[in-house]
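Okay, query_10.cif now, which holds mmCIF, C-alpha atoms:
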```cif
data_protein
loop_
_atom_site.group_PDB
_atom_site.id
_atom_site.type_symbol
_atom_site.label_atom_id
_atom_site.label_comp_id
_atom_site.auth_asym_id
_atom_site.auth_seq_id
_atom_site.Cartn_x
_atom_site.Cartn_y
_atom_site.Cartn_z
ATOM 1 C CA MET A 1 -38.112 24.220 -88.807
ATOM 2 C CA LYS A 2 -36.688 24.558 -85.280
ATOM 3 C CA SER A 3 -33.308 25.626 -86.731
ATOM 4 C CA ALA A 4 -35.012 28.384 -88.696
ATOM 5 C CA MET A 5 -36.861 29.549 -85.578
ATOM 6 C CA ASN A 6 -33.623 29.596 -83.587
ATOM 7 C CA GLY A 7 -31.967 31.558 -86.374
ATOM 8 C CA SER A 8 -34.798 34.081 -86.254
ATOM 9 C CA ARG A 9 -34.456 34.385 -82.465
ATOM 10 C CA LEU A 10 -30.684 34.840 -82.791
ATOM 11 C CA ALA A 11 -31.083 37.597 -85.390
ATOM 12 C CA SER A 12 -33.650 39.317 -83.195
ATOM 13 C CA HIS A 13 -31.382 38.985 -80.151
ATOM 14 C CA TRP A 14 -28.375 40.572 -81.871
ATOM 15 C CA LYS A 15 -30.572 43.300 -83.310
ATOM 16 C CA GLY A 16 -31.644 44.087 -79.768
ATOM 17 C CA ILE A 17 -28.043 44.152 -78.572
ATOM 18 C CA ARG A 18 -27.012 46.533 -81.367
ATOM 19 C CA SER A 19 -29.858 48.863 -80.429
ATOM 20 C CA MET A 20 -28.834 48.984 -76.751
ATOM 21 C CA ARG A 21 -27.082 52.041 -75.427
ATOM 22 C CA HIS A 22 -23.516 51.794 -74.201
ATOM 23 C CA PRO A 23 -23.231 51.801 -70.383
ATOM 24 C CA HIS A 24 -21.545 55.221 -70.576
ATOM 25 C CA ASP A 25 -24.714 56.576 -72.210
ATOM 26 C CA PHE A 26 -26.715 55.993 -68.998
ATOM 27 C CA SER A 27 -26.852 58.730 -66.399
ATOM 28 C CA ILE A 28 -26.308 57.994 -62.716
ATOM 29 C CA ASN A 29 -29.964 58.804 -62.047
ATOM 30 C CA GLU A 30 -31.076 56.239 -64.643
ATOM 31 C CA ILE A 31 -28.815 53.583 -63.147
ATOM 32 C CA LEU A 32 -30.033 54.208 -59.612
ATOM 33 C CA ALA A 33 -33.666 54.263 -60.738
ATOM 34 C CA SER A 34 -33.477 51.030 -62.736
ATOM 35 C CA ASN A 35 -34.072 47.512 -61.518
ATOM 36 C CA TRP A 36 -30.734 46.075 -62.628
ATOM 37 C CA ASP A 37 -31.466 42.666 -61.085
ATOM 38 C CA LYS A 38 -34.470 42.412 -63.392
ATOM 39 C CA ARG A 39 -32.400 43.528 -66.391
ATOM 40 C CA LEU A 40 -29.758 40.919 -65.600
ATOM 41 C CA ALA A 41 -32.386 38.197 -65.187
ATOM 42 C CA ASP A 42 -33.994 39.182 -68.492
ATOM 43 C CA ASP A 43 -30.626 39.049 -70.256
ATOM 44 C CA ILE A 44 -29.843 35.599 -68.816
ATOM 45 C CA ALA A 45 -33.310 34.390 -69.778
ATOM 46 C CA ALA A 46 -32.712 35.545 -73.354
ATOM 47 C CA GLU A 47 -29.412 33.664 -73.496
ATOM 48 C CA LEU A 48 -31.023 30.505 -72.141
ATOM 49 C CA GLU A 49 -33.820 30.780 -74.674
ATOM 50 C CA LEU A 50 -31.300 31.028 -77.495
ATOM 51 C CA ALA A 51 -29.390 28.013 -76.182
ATOM 52 C CA SER A 52 -32.390 25.783 -75.574
ATOM 53 C CA GLY A 53 -34.914 27.015 -78.117
ATOM 54 C CA GLU A 54 -37.470 27.225 -75.297
ATOM 55 C CA PRO A 55 -38.740 30.369 -73.581
ATOM 56 C CA ARG A 56 -37.407 30.927 -70.067
ATOM 57 C CA THR A 57 -38.820 34.224 -68.963
ATOM 58 C CA SER A 58 -39.079 34.039 -65.199
ATOM 59 C CA ILE A 59 -36.543 34.172 -62.401
ATOM 60 C CA PRO A 60 -37.790 30.852 -60.879
ATOM 61 C CA GLU A 61 -37.181 29.138 -64.230
ATOM 62 C CA ILE A 62 -33.660 30.546 -64.358
ATOM 63 C CA ARG A 63 -33.029 29.440 -60.776
ATOM 64 C CA ARG A 64 -34.176 25.905 -61.573
ATOM 65 C CA PHE A 65 -32.010 25.750 -64.688
ATOM 66 C CA PHE A 66 -28.844 26.776 -62.863
ATOM 67 C CA ALA A 67 -29.586 24.643 -59.786
ATOM 68 C CA ILE A 68 -29.945 21.486 -61.877
ATOM 69 C CA LYS A 69 -26.877 22.316 -63.953
ATOM 70 C CA SER A 70 -24.746 23.053 -60.895
ATOM 71 C CA CYS A 71 -25.824 19.908 -59.013
ATOM 72 C CA ARG A 72 -24.836 17.754 -61.970
ATOM 73 C CA ASN A 73 -21.548 19.566 -62.513
ATOM 74 C CA LEU A 74 -20.566 19.386 -58.852
ATOM 75 C CA LEU A 75 -21.519 15.714 -58.581
ATOM 76 C CA GLY A 76 -19.271 14.832 -61.516
ATOM 77 C CA ARG A 77 -16.343 16.684 -59.987
ATOM 78 C CA LEU A 78 -16.844 15.121 -56.558
ATOM 79 C CA GLU A 79 -17.037 11.637 -58.043
ATOM 80 C CA SER A 80 -13.739 12.222 -59.831
ATOM 81 C CA ALA A 81 -12.145 13.555 -56.644
ATOM 82 C CA ARG A 82 -13.283 10.508 -54.649
ATOM 83 C CA ASN A 83 -12.185 7.974 -57.260
ATOM 84 C CA GLY A 84 -9.629 5.515 -55.843
ATOM 85 C CA LYS A 85 -9.855 6.883 -52.298
ATOM 86 C CA LEU A 86 -11.524 5.548 -49.156
ATOM 87 C CA SER A 87 -12.791 6.761 -45.810
ATOM 88 C CA PHE A 88 -11.360 10.074 -44.580
ATOM 89 C CA SER A 89 -8.970 10.360 -47.524
ATOM 90 C CA ALA A 90 -11.998 10.389 -49.801
ATOM 91 C CA LEU A 91 -13.779 12.862 -47.525
ATOM 92 C CA ARG A 92 -10.816 15.247 -47.629
ATOM 93 C CA ALA A 93 -10.581 15.030 -51.413
ATOM 94 C CA VAL A 94 -14.312 15.669 -51.786
ATOM 95 C CA ALA A 95 -14.239 18.573 -49.317
ATOM 96 C CA THR A 96 -11.315 20.146 -51.167
ATOM 97 C CA GLU A 97 -13.111 19.868 -54.503
ATOM 98 C CA MET A 98 -16.304 21.278 -52.973
ATOM 99 C CA ARG A 99 -14.501 24.469 -51.953
ATOM 100 C CA ARG A 100 -12.714 24.673 -55.320
ATOM 101 C CA PHE A 101 -16.071 24.507 -57.097
ATOM 102 C CA ALA A 102 -17.484 27.234 -54.835
ATOM 103 C CA VAL A 103 -14.537 29.510 -55.594
ATOM 104 C CA GLU A 104 -14.619 28.913 -59.351
ATOM 105 C CA HIS A 105 -18.416 29.119 -59.696
ATOM 106 C CA PRO A 106 -19.861 31.187 -56.836
ATOM 107 C CA GLY A 107 -23.284 31.564 -58.425
ATOM 108 C CA LEU A 108 -23.627 27.896 -59.305
ATOM 109 C CA ALA A 109 -22.344 26.879 -55.873
ATOM 110 C CA ALA A 110 -24.970 29.023 -54.166
ATOM 111 C CA ALA A 111 -27.656 27.265 -56.214
ATOM 112 C CA THR A 112 -26.161 23.853 -55.428
ATOM 113 C CA PHE A 113 -25.973 24.269 -51.666
ATOM 114 C CA ARG A 114 -29.596 25.374 -51.516
ATOM 115 C CA ALA A 115 -32.340 22.743 -51.184
ATOM 116 C CA PRO A 116 -35.011 22.742 -53.934
ATOM 117 C CA VAL A 117 -37.629 25.399 -53.254
ATOM 118 C CA THR A 118 -40.220 24.326 -55.833
ATOM 119 C CA GLU A 119 -41.927 21.105 -56.862
ATOM 120 C CA CYS A 120 -39.613 20.453 -59.795
ATOM 121 C CA PRO A 121 -38.901 16.691 -60.119
ATOM 122 C CA GLU A 122 -35.725 17.222 -62.151
ATOM 123 C CA TRP A 123 -34.297 19.668 -59.604
ATOM 124 C CA ARG A 124 -35.177 17.398 -56.675
ATOM 125 C CA ARG A 125 -33.658 14.379 -58.449
ATOM 126 C CA ALA A 126 -30.385 16.222 -59.159
ATOM 127 C CA TYR A 127 -30.212 17.474 -55.563
ATOM 128 C CA GLN A 128 -31.031 14.011 -54.191
ATOM 129 C CA GLU A 129 -28.302 12.366 -56.264
ATOM 130 C CA LEU A 130 -25.759 14.810 -54.861
ATOM 131 C CA GLN A 131 -27.112 14.249 -51.349
ATOM 132 C CA GLU A 132 -26.908 10.460 -51.700
ATOM 133 C CA PHE A 133 -23.320 10.700 -52.901
ATOM 134 C CA MET A 134 -22.314 12.728 -49.848
ATOM 135 C CA VAL A 135 -24.205 10.350 -47.540
ATOM 136 C CA ALA A 136 -22.169 7.481 -49.018
ATOM 137 C CA VAL A 137 -18.917 9.411 -48.458
ATOM 138 C CA PHE A 138 -19.720 9.918 -44.784
ATOM 139 C CA ALA A 139 -20.973 6.338 -44.422
ATOM 140 C CA ASP A 140 -17.550 5.190 -45.624
ATOM 141 C CA CYS A 141 -16.224 7.062 -42.579
ATOM 142 C CA ASN A 142 -18.720 5.202 -40.326
ATOM 143 C CA LEU A 143 -20.941 8.270 -40.022
ATOM 144 C CA TYR A 144 -24.583 7.336 -40.551
ATOM 145 C CA GLY A 145 -28.053 8.842 -40.230
ATOM 146 C CA GLN A 146 -28.367 12.113 -38.346
ATOM 147 C CA THR A 147 -24.657 12.067 -37.551
ATOM 148 C CA GLY A 148 -23.800 12.020 -41.237
ATOM 149 C CA ASP A 149 -26.379 14.727 -41.968
ATOM 150 C CA ASP A 150 -24.909 16.968 -39.272
ATOM 151 C CA ALA A 151 -21.398 16.438 -40.634
ATOM 152 C CA LEU A 152 -22.590 17.298 -44.149
ATOM 153 C CA HIS A 153 -24.215 20.550 -42.959
ATOM 154 C CA ILE A 154 -20.985 21.535 -41.205
ATOM 155 C CA LEU A 155 -18.908 20.736 -44.291
ATOM 156 C CA ARG A 156 -21.178 22.797 -46.550
ATOM 157 C CA CYS A 157 -20.867 25.768 -44.192
ATOM 158 C CA LEU A 158 -17.108 25.310 -44.082
ATOM 159 C CA ALA A 159 -16.642 25.132 -47.856
ATOM 160 C CA ARG A 160 -19.083 27.938 -48.624
ATOM 161 C CA GLY A 161 -17.752 30.110 -45.806
ATOM 162 C CA PHE A 162 -14.160 29.838 -46.966
ATOM 163 C CA ALA A 163 -15.186 30.634 -50.530
ATOM 164 C CA LEU A 164 -17.023 33.765 -49.370
ATOM 165 C CA HIS A 165 -14.038 34.913 -47.321
ATOM 166 C CA GLU A 166 -11.823 34.401 -50.356
ATOM 167 C CA PHE A 167 -14.116 36.551 -52.511
ATOM 168 C CA MET A 168 -14.052 39.334 -49.932
ATOM 169 C CA GLY A 169 -10.325 39.102 -49.248
ATOM 170 C CA SER A 170 -10.942 38.713 -45.533
ATOM 171 C CA PHE A 171 -7.579 37.109 -44.787
ATOM 172 C CA SER A 172 -4.157 38.694 -44.938
ATOM 173 C CA HIS A 173 -2.573 38.357 -48.376
ATOM 174 C CA THR A 174 0.392 36.664 -46.696
ATOM 175 C CA TYR A 175 -1.847 33.824 -45.446
ATOM 176 C CA PRO A 176 -2.776 31.367 -48.245
ATOM 177 C CA TYR A 177 -6.424 30.300 -48.377
ATOM 178 C CA ASP A 178 -5.457 26.792 -49.480
ATOM 179 C CA GLU A 179 -3.363 26.253 -46.362
ATOM 180 C CA ALA A 180 -6.051 27.735 -44.138
ATOM 181 C CA TYR A 181 -8.688 25.416 -45.615
ATOM 182 C CA GLU A 182 -6.461 22.368 -45.241
ATOM 183 C CA LEU A 183 -5.979 23.277 -41.575
ATOM 184 C CA ALA A 184 -9.740 23.677 -41.172
ATOM 185 C CA LEU A 185 -10.244 20.229 -42.700
ATOM 186 C CA ASP A 186 -7.697 18.798 -40.243
ATOM 187 C CA VAL A 187 -9.754 20.203 -37.362
ATOM 188 C CA PHE A 188 -13.057 19.086 -38.938
ATOM 189 C CA ILE A 189 -11.898 15.510 -39.491
ATOM 190 C CA ALA A 190 -10.194 15.279 -36.094
ATOM 191 C CA GLY A 191 -13.404 16.495 -34.473
ATOM 192 C CA LEU A 192 -15.448 13.852 -36.262
ATOM 193 C CA ARG A 193 -13.045 11.117 -35.166
ATOM 194 C CA VAL A 194 -13.140 12.204 -31.517
ATOM 195 C CA GLU A 195 -16.849 13.040 -31.270
ATOM 196 C CA TYR A 196 -18.146 9.948 -33.042
ATOM 197 C CA LYS A 197 -15.302 7.488 -32.308
ATOM 198 C CA CYS A 198 -14.750 6.746 -35.993
#
```
Can you present the structure in this file as structure tokens?
Amino acid sequence: MKSAMNGSRLASHWKGIRSMRHPHDFSINEILASNWDKRLADDIAAELELASGEPRTSIPEIRRFFAIKSCRNLLGRLESARNGKLSFSALRAVATEMRRFAVEHPGLAAATFRAPVTECPEWRRAYQELQEFMVAVFADCNLYGQTGDDALHILRCLARGFALHEFMGSFSHTYPYDEAYELALDVFIAGLRVEYKC
């Protein structure tokens, strides 16, 4: 029964796509007068509905979906990066993977780095699992409590900031972003060692 319903939704979805005008058919005035953010959100909601078989018609629902998905995806990648490593070697590997994720998936990364904004147990659980993993990484470097939290906030800003600069092409093309980030991690880790005697 559910398969038949999904098939009906899919047929309806493609019918709607075929009836849409080509972007070149829109005038500049129409484009400027339209709420394209809303159109994009509606399109994503339609895709999610087709994939899940459940209606997702609001922007908060879409935000929750992507936040949960991105937290789980990032956690899996960070666990793989940390595997077999200890202390600051593990921290460096995790920090490197965090930036790589932000560069590859800017939208998902933005959702991941943001704390849950609604009372959604699944979202809070996914975010908490990621938070607990990072707390354990810093604890392995003898950074606990508020000290570890501060270090995590700095690392998130570092990874996200570098990703944003890479998107915008802020650096000279002759200066590799990978090398710049590795240098930033050297300074970050050295600062932690000196400041907190670890």
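Among A:Pro176, A:Ser89, A:His105, A:Ala151, the residue with the shortest atom-to-atom distance to A:Phe188, counting all atoms listed in the file, is A:Ala151.
Restricting the calculation to all atoms listed in the file, the smallest distance between A:His165 and any of A:Ala95, A:Phe133, A:Leu75, A:Ala102 is found for A:Ala102.
Distance annotation: of A:Val194, A:Ala126, A:Met98, A:Ala110, the residue with the minimal separation from A:Leu155 is A:Met98; atom set is all atoms listed in the file.
Across the model, the gap from atom CA of A:Ser87 to atom CA of A:Ala184 is 17.8 Å.
Here the PyMOL selection byres ((chain A and resi 94) around 8) captures the residues Leu78, Glu79, Ala81, Arg82, Ala90, Leu91, Arg92, Ala93, Ala95, Thr96, Glu97 and Met98 of chain A.
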- Separation of atom CA of A:Leu143 from atom CA of A:Arg124 in Å: 23.7 Å
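Using all atoms listed in the file, the nearest neighbour of A:Glu129 within the list A:Ile154, A:Thr112, A:Tyr175, A:Asp186 is A:Thr112.
We find atom CA of A:Lys69 and atom CA of A:Ala180 to be spaced 29.3 Å apart.
Nearest to A:Gly161 of all the residues A:Arg99, A:Lys85, A:Arg77, A:Lys197 is A:Arg99, based on only C-alpha atoms.
Nearest residue to A:His153, choosing from A:Leu86, A:Arg64, A:Gln131, A:Pro121 and counting only C-alpha atoms: A:Gln131.
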